[in-house]
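Asker: The following block contains the structure, expressed as structure tokens.
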Amino acid sequence: MSTYGSKRTVVGAHYGLRDWLIQRITGGLMALFTVILLAQVIFTSGPIGYEQWAGIFASQWMKVLTFCVIVALLYHVWVGVRDIWMDYVKPVSIKIALNIFTMVWLVGCAGWAIQVLWRL
């Protein structure tokens with residue numbers, strides 16, 4: 001029994017395809033949300049003030065959709081910024097510190113989004 005060639009051992013985080021796909025899916029979700037929001041703004045009669053904006057986001061389905069898009073945006077940002085830290089920051093200690101700072105910042109943004117949407 002002979003084997004032709006050698007089996008290649010792949011090392012690393014294996015994030016490539018998954019992260020590429022996540023970036024496309026979250027980007028598509030954000031684009032779809034933008035179209036929905038623009039349609040609501042365009043078909044609103046009269047000048048758009050606070051009452052109209054509050055009316056757009058008053059329904060529960062819009063709050064949930066908005067929060068889902070915010071979570072998608074935060075995950076999109078996490079993948080992109082993490083890749084930047086992995087590619088361009090060489091000292092491991094600084095890379096870890098930047099990753100922790102990024103995670104804390106994004107979790108804080110998610111908490112702020114919850115407060116804004118549901119006025120907790």
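Residues are named by chain letter and number: chains run A, B, ... in the order of the structure tokens, numbers start at 1 in each chain, and ligands are numbered from 1 in the order shown.
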So that I can check the secondary structure, give me every residue of range 39-112 of chain A assigned alpha helix (DSSP H) by backbone DSSP, as number ranges by chain.
Answerer: A: 39-42, 50-56, 60-88, 92-112
Asker: Phe33 in chain A: which residues within 10 Å, counting only C-alpha atoms, same-chain residues fewer than 4 positions away excluded, as a PyMOL selection string?
Answerer: chain A and resi 27-29+37-39+62+65-66+68-69
Asker: Once you have the residues from the selection above, write them out as a PDB file, in the first residue's frame, restricted to all heavy atoms.
Answerer:
ATOM      1  N   GLY A  27     -23.436  41.746   6.302  1.00  0.00           N
ATOM      2  CA  GLY A  27     -23.512  42.894   5.392  1.00  0.00           C
ATOM      3  C   GLY A  27     -24.830  42.915   4.625  1.00  0.00           C
ATOM      4  O   GLY A  27     -25.452  43.970   4.454  1.00  0.00           O
ATOM      5  N   GLY A  28     -25.283  41.742   4.174  1.00  0.00           N
ATOM      6  CA  GLY A  28     -26.567  41.658   3.479  1.00  0.00           C
ATOM      7  C   GLY A  28     -27.733  42.016   4.383  1.00  0.00           C
ATOM      8  O   GLY A  28     -28.670  42.711   3.963  1.00  0.00           O
ATOM      9  N   LEU A  29     -27.692  41.551   5.634  1.00  0.00           N
ATOM     10  CA  LEU A  29     -28.744  41.887   6.592  1.00  0.00           C
ATOM     11  C   LEU A  29     -28.787  43.396   6.846  1.00  0.00           C
ATOM     12  O   LEU A  29     -29.863  43.997   6.887  1.00  0.00           O
ATOM     13  CB  LEU A  29     -28.532  41.132   7.898  1.00  0.00           C
ATOM     14  CG  LEU A  29     -29.562  41.361   8.999  1.00  0.00           C
ATOM     15  CD1 LEU A  29     -30.937  40.905   8.545  1.00  0.00           C
ATOM     16  CD2 LEU A  29     -29.158  40.625  10.261  1.00  0.00           C
ATOM     17  N   LEU A  37     -35.692  50.619   6.134  1.00  0.00           N
ATOM     18  CA  LEU A  37     -35.747  51.906   6.826  1.00  0.00           C
ATOM     19  C   LEU A  37     -35.925  53.064   5.840  1.00  0.00           C
ATOM     20  O   LEU A  37     -36.732  53.969   6.074  1.00  0.00           O
ATOM     21  CB  LEU A  37     -34.478  52.107   7.663  1.00  0.00           C
ATOM     22  CG  LEU A  37     -34.462  53.322   8.584  1.00  0.00           C
ATOM     23  CD1 LEU A  37     -35.592  53.230   9.601  1.00  0.00           C
ATOM     24  CD2 LEU A  37     -33.134  53.428   9.286  1.00  0.00           C
ATOM     25  N   LEU A  38     -35.196  53.026   4.728  1.00  0.00           N
ATOM     26  CA  LEU A  38     -35.350  54.071   3.714  1.00  0.00           C
ATOM     27  C   LEU A  38     -36.764  54.079   3.136  1.00  0.00           C
ATOM     28  O   LEU A  38     -37.329  55.159   2.889  1.00  0.00           O
ATOM     29  CB  LEU A  38     -34.328  53.892   2.595  1.00  0.00           C
ATOM     30  CG  LEU A  38     -32.916  54.371   2.897  1.00  0.00           C
ATOM     31  CD1 LEU A  38     -31.979  54.015   1.742  1.00  0.00           C
ATOM     32  CD2 LEU A  38     -32.887  55.864   3.156  1.00  0.00           C
ATOM     33  N   ALA A  39     -37.352  52.907   2.918  1.00  0.00           N
ATOM     34  CA  ALA A  39     -38.725  52.840   2.412  1.00  0.00           C
ATOM     35  C   ALA A  39     -39.688  53.490   3.394  1.00  0.00           C
ATOM     36  O   ALA A  39     -40.593  54.238   2.985  1.00  0.00           O
ATOM     37  CB  ALA A  39     -39.117  51.391   2.149  1.00  0.00           C
ATOM     38  N   MET A  62     -40.129  46.168  14.763  1.00  0.00           N
ATOM     39  CA  MET A  62     -39.042  47.040  14.300  1.00  0.00           C
ATOM     40  C   MET A  62     -37.933  47.113  15.348  1.00  0.00           C
ATOM     41  O   MET A  62     -36.746  47.167  14.997  1.00  0.00           O
ATOM     42  CB  MET A  62     -39.577  48.435  13.977  1.00  0.00           C
ATOM     43  CG  MET A  62     -38.579  49.321  13.303  1.00  0.00           C
ATOM     44  SD  MET A  62     -38.060  48.639  11.728  1.00  0.00           S
ATOM     45  CE  MET A  62     -37.069  49.965  11.101  1.00  0.00           C
ATOM     46  N   LEU A  65     -36.087  43.785  14.985  1.00  0.00           N
ATOM     47  CA  LEU A  65     -35.303  43.808  13.751  1.00  0.00           C
ATOM     48  C   LEU A  65     -34.091  44.721  13.896  1.00  0.00           C
ATOM     49  O   LEU A  65     -32.976  44.362  13.501  1.00  0.00           O
ATOM     50  CB  LEU A  65     -36.163  44.252  12.572  1.00  0.00           C
ATOM     51  CG  LEU A  65     -35.451  44.345  11.230  1.00  0.00           C
ATOM     52  CD1 LEU A  65     -34.931  42.982  10.793  1.00  0.00           C
ATOM     53  CD2 LEU A  65     -36.373  44.933  10.177  1.00  0.00           C
ATOM     54  N   THR A  66     -34.294  45.884  14.485  1.00  0.00           N
ATOM     55  CA  THR A  66     -33.187  46.818  14.690  1.00  0.00           C
ATOM     56  C   THR A  66     -32.125  46.220  15.595  1.00  0.00           C
ATOM     57  O   THR A  66     -30.927  46.333  15.323  1.00  0.00           O
ATOM     58  CB  THR A  66     -33.704  48.146  15.286  1.00  0.00           C
ATOM     59  OG1 THR A  66     -34.687  48.692  14.407  1.00  0.00           O
ATOM     60  CG2 THR A  66     -32.579  49.141  15.468  1.00  0.00           C
ATOM     61  N   CYS A  68     -31.517  43.028  16.062  1.00  0.00           N
ATOM     62  CA  CYS A  68     -30.839  41.961  15.298  1.00  0.00           C
ATOM     63  C   CYS A  68     -29.798  42.550  14.351  1.00  0.00           C
ATOM     64  O   CYS A  68     -28.704  41.998  14.203  1.00  0.00           O
ATOM     65  CB  CYS A  68     -31.857  41.141  14.518  1.00  0.00           C
ATOM     66  SG  CYS A  68     -32.866  40.076  15.555  1.00  0.00           S
ATOM     67  N   VAL A  69     -30.134  43.664  13.733  1.00  0.00           N
ATOM     68  CA  VAL A  69     -29.179  44.318  12.836  1.00  0.00           C
ATOM     69  C   VAL A  69     -28.007  44.898  13.628  1.00  0.00           C
ATOM     70  O   VAL A  69     -26.860  44.846  13.183  1.00  0.00           O
ATOM     71  CB  VAL A  69     -29.879  45.403  11.983  1.00  0.00           C
ATOM     72  CG1 VAL A  69     -28.888  46.254  11.237  1.00  0.00           C
ATOM     73  CG2 VAL A  69     -30.846  44.737  11.012  1.00  0.00           C
TER      74      VAL A  69
END
Asker: Contacts of Phe101 in chain A at 12 Å or less, counting only C-alpha atoms, minus same-chain residues fewer than 5 places along, as number ranges by chain?
Answerer: A: 78, 81-82, 85, 94-96, 106-108
Asker: Produce a file of the selected residues containing all heavy atoms, as a compact mmCIF listing (two decimals), in the first residue's frame.
Answerer:
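For reference, again.txt as written:
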# COMPACT_ATOMS: atom_id res chain seq x y z
N TRP A 78 -16.61 42.97 14.87
CA TRP A 78 -15.69 42.10 15.59
C TRP A 78 -14.81 41.30 14.63
O TRP A 78 -13.59 41.24 14.82
CB TRP A 78 -16.46 41.16 16.52
CG TRP A 78 -15.60 40.04 17.03
CD1 TRP A 78 -15.74 38.72 16.75
CD2 TRP A 78 -14.44 40.16 17.86
NE1 TRP A 78 -14.75 38.01 17.37
CE2 TRP A 78 -13.93 38.86 18.06
CE3 TRP A 78 -13.78 41.22 18.45
CZ2 TRP A 78 -12.80 38.61 18.82
CZ3 TRP A 78 -12.65 40.97 19.22
CH2 TRP A 78 -12.17 39.68 19.39
N VAL A 81 -12.29 43.85 12.87
CA VAL A 81 -11.27 44.42 13.76
C VAL A 81 -10.34 43.32 14.27
O VAL A 81 -9.12 43.51 14.35
CB VAL A 81 -11.92 45.20 14.91
CG1 VAL A 81 -10.90 45.62 15.95
CG2 VAL A 81 -12.64 46.43 14.36
N ARG A 82 -10.90 42.16 14.60
CA ARG A 82 -10.06 41.05 15.04
C ARG A 82 -9.05 40.66 13.96
O ARG A 82 -7.88 40.41 14.25
CB ARG A 82 -10.93 39.84 15.40
CG ARG A 82 -10.12 38.71 16.02
CD ARG A 82 -10.77 37.38 15.90
NE ARG A 82 -10.89 37.02 14.50
CZ ARG A 82 -11.93 36.37 13.99
NH1 ARG A 82 -12.93 36.03 14.75
NH2 ARG A 82 -11.96 36.07 12.71
N TRP A 85 -6.29 43.20 13.98
CA TRP A 85 -5.34 42.96 15.09
C TRP A 85 -4.46 41.75 14.79
O TRP A 85 -3.26 41.77 15.04
CB TRP A 85 -6.06 42.74 16.41
CG TRP A 85 -6.91 43.86 16.95
CD1 TRP A 85 -8.01 43.70 17.74
CD2 TRP A 85 -6.76 45.27 16.79
NE1 TRP A 85 -8.55 44.92 18.05
CE2 TRP A 85 -7.80 45.91 17.49
CE3 TRP A 85 -5.86 46.07 16.10
CZ2 TRP A 85 -7.97 47.28 17.54
CZ3 TRP A 85 -6.02 47.46 16.13
CH2 TRP A 85 -7.05 48.04 16.85
N ILE A 94 0.01 42.87 23.30
CA ILE A 94 -0.75 44.01 22.79
C ILE A 94 -1.96 43.52 22.00
O ILE A 94 -3.06 44.07 22.10
CB ILE A 94 0.15 44.92 21.93
CG1 ILE A 94 1.24 45.54 22.80
CG2 ILE A 94 -0.67 46.01 21.24
CD1 ILE A 94 2.26 46.34 22.04
N LYS A 95 -1.79 42.46 21.24
CA LYS A 95 -2.89 41.88 20.46
C LYS A 95 -4.01 41.41 21.38
O LYS A 95 -5.19 41.68 21.13
CB LYS A 95 -2.35 40.71 19.63
CG LYS A 95 -3.29 40.18 18.59
CD LYS A 95 -2.70 39.00 17.84
CE LYS A 95 -1.41 39.36 17.17
NZ LYS A 95 -0.91 38.31 16.26
N ILE A 96 -3.65 40.74 22.48
CA ILE A 96 -4.65 40.28 23.44
C ILE A 96 -5.36 41.46 24.10
O ILE A 96 -6.58 41.47 24.24
CB ILE A 96 -4.02 39.35 24.49
CG1 ILE A 96 -3.62 38.03 23.82
CG2 ILE A 96 -4.96 39.10 25.66
CD1 ILE A 96 -2.79 37.12 24.71
N LEU A 106 -17.59 46.50 22.29
CA LEU A 106 -18.74 46.03 21.53
C LEU A 106 -19.87 45.55 22.44
O LEU A 106 -21.04 45.80 22.15
CB LEU A 106 -18.31 44.92 20.56
CG LEU A 106 -17.39 45.38 19.43
CD1 LEU A 106 -16.92 44.19 18.61
CD2 LEU A 106 -18.05 46.42 18.56
N VAL A 107 -19.55 44.92 23.56
CA VAL A 107 -20.58 44.53 24.52
C VAL A 107 -21.24 45.78 25.11
O VAL A 107 -22.46 45.84 25.29
CB VAL A 107 -20.00 43.62 25.62
CG1 VAL A 107 -20.97 43.44 26.78
CG2 VAL A 107 -19.62 42.27 25.04
N GLY A 108 -20.44 46.80 25.39
CA GLY A 108 -20.98 48.07 25.87
C GLY A 108 -21.91 48.71 24.85
O GLY A 108 -22.96 49.25 25.20
Asker: Give me, please, the distance in Å between CA of Gly55 in chain A and CA of Thr34 in chain A, quoted to one decimal.
Answerer: 16.7 Å
Asker: So how far away is CA of Ile84 in chain A from CA of Cys109 in chain A, in Å?
Answerer: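 Distance between the two atoms: 19.7 Å.
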Asker: In terms of the shortest atom-to-atom distance over only C-alpha atoms, which of A:Leu117, A:Leu21, A:Ile56, A:Val104 is closest to Ile36 in chain A?
Answerer: A:Ile56
Asker: From the list A:Ala31, A:Met103, A:Val92, A:Ile114, which residue is nearest Lys63 in chain A when using only C-alpha atoms?
Answerer: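 That would be A:Ile114, the residue with the smallest distance to Lys63 in chain A.
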Asker: For the atom pair CA of Ile100 in chain A and CA of Val116 in chain A, what is the interatomic distance in Å to one decimal place?
Answerer: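 According to the coordinates, CA of Ile100 in chain A and CA of Val116 in chain A are separated by 24.3 Å.
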Asker: Which residues are near Thr26 in chain A? Cut-off 8 Å, only C-alpha atoms, ignore same chain within fewer than 5 positions. Put them as a ChimeraX atom specification.
Answerer: /A:69,72-73,75-76
Asker: For each of A:Arg119, A:Lys90, A:Ser59, A:Met30, take the minimum atom-to-atom distance to Leu74 in chain A, counting only C-alpha atoms, then give the residue where this is smallest.
Answerer: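 For Leu74 in chain A, the nearest of the candidates is A:Met30.
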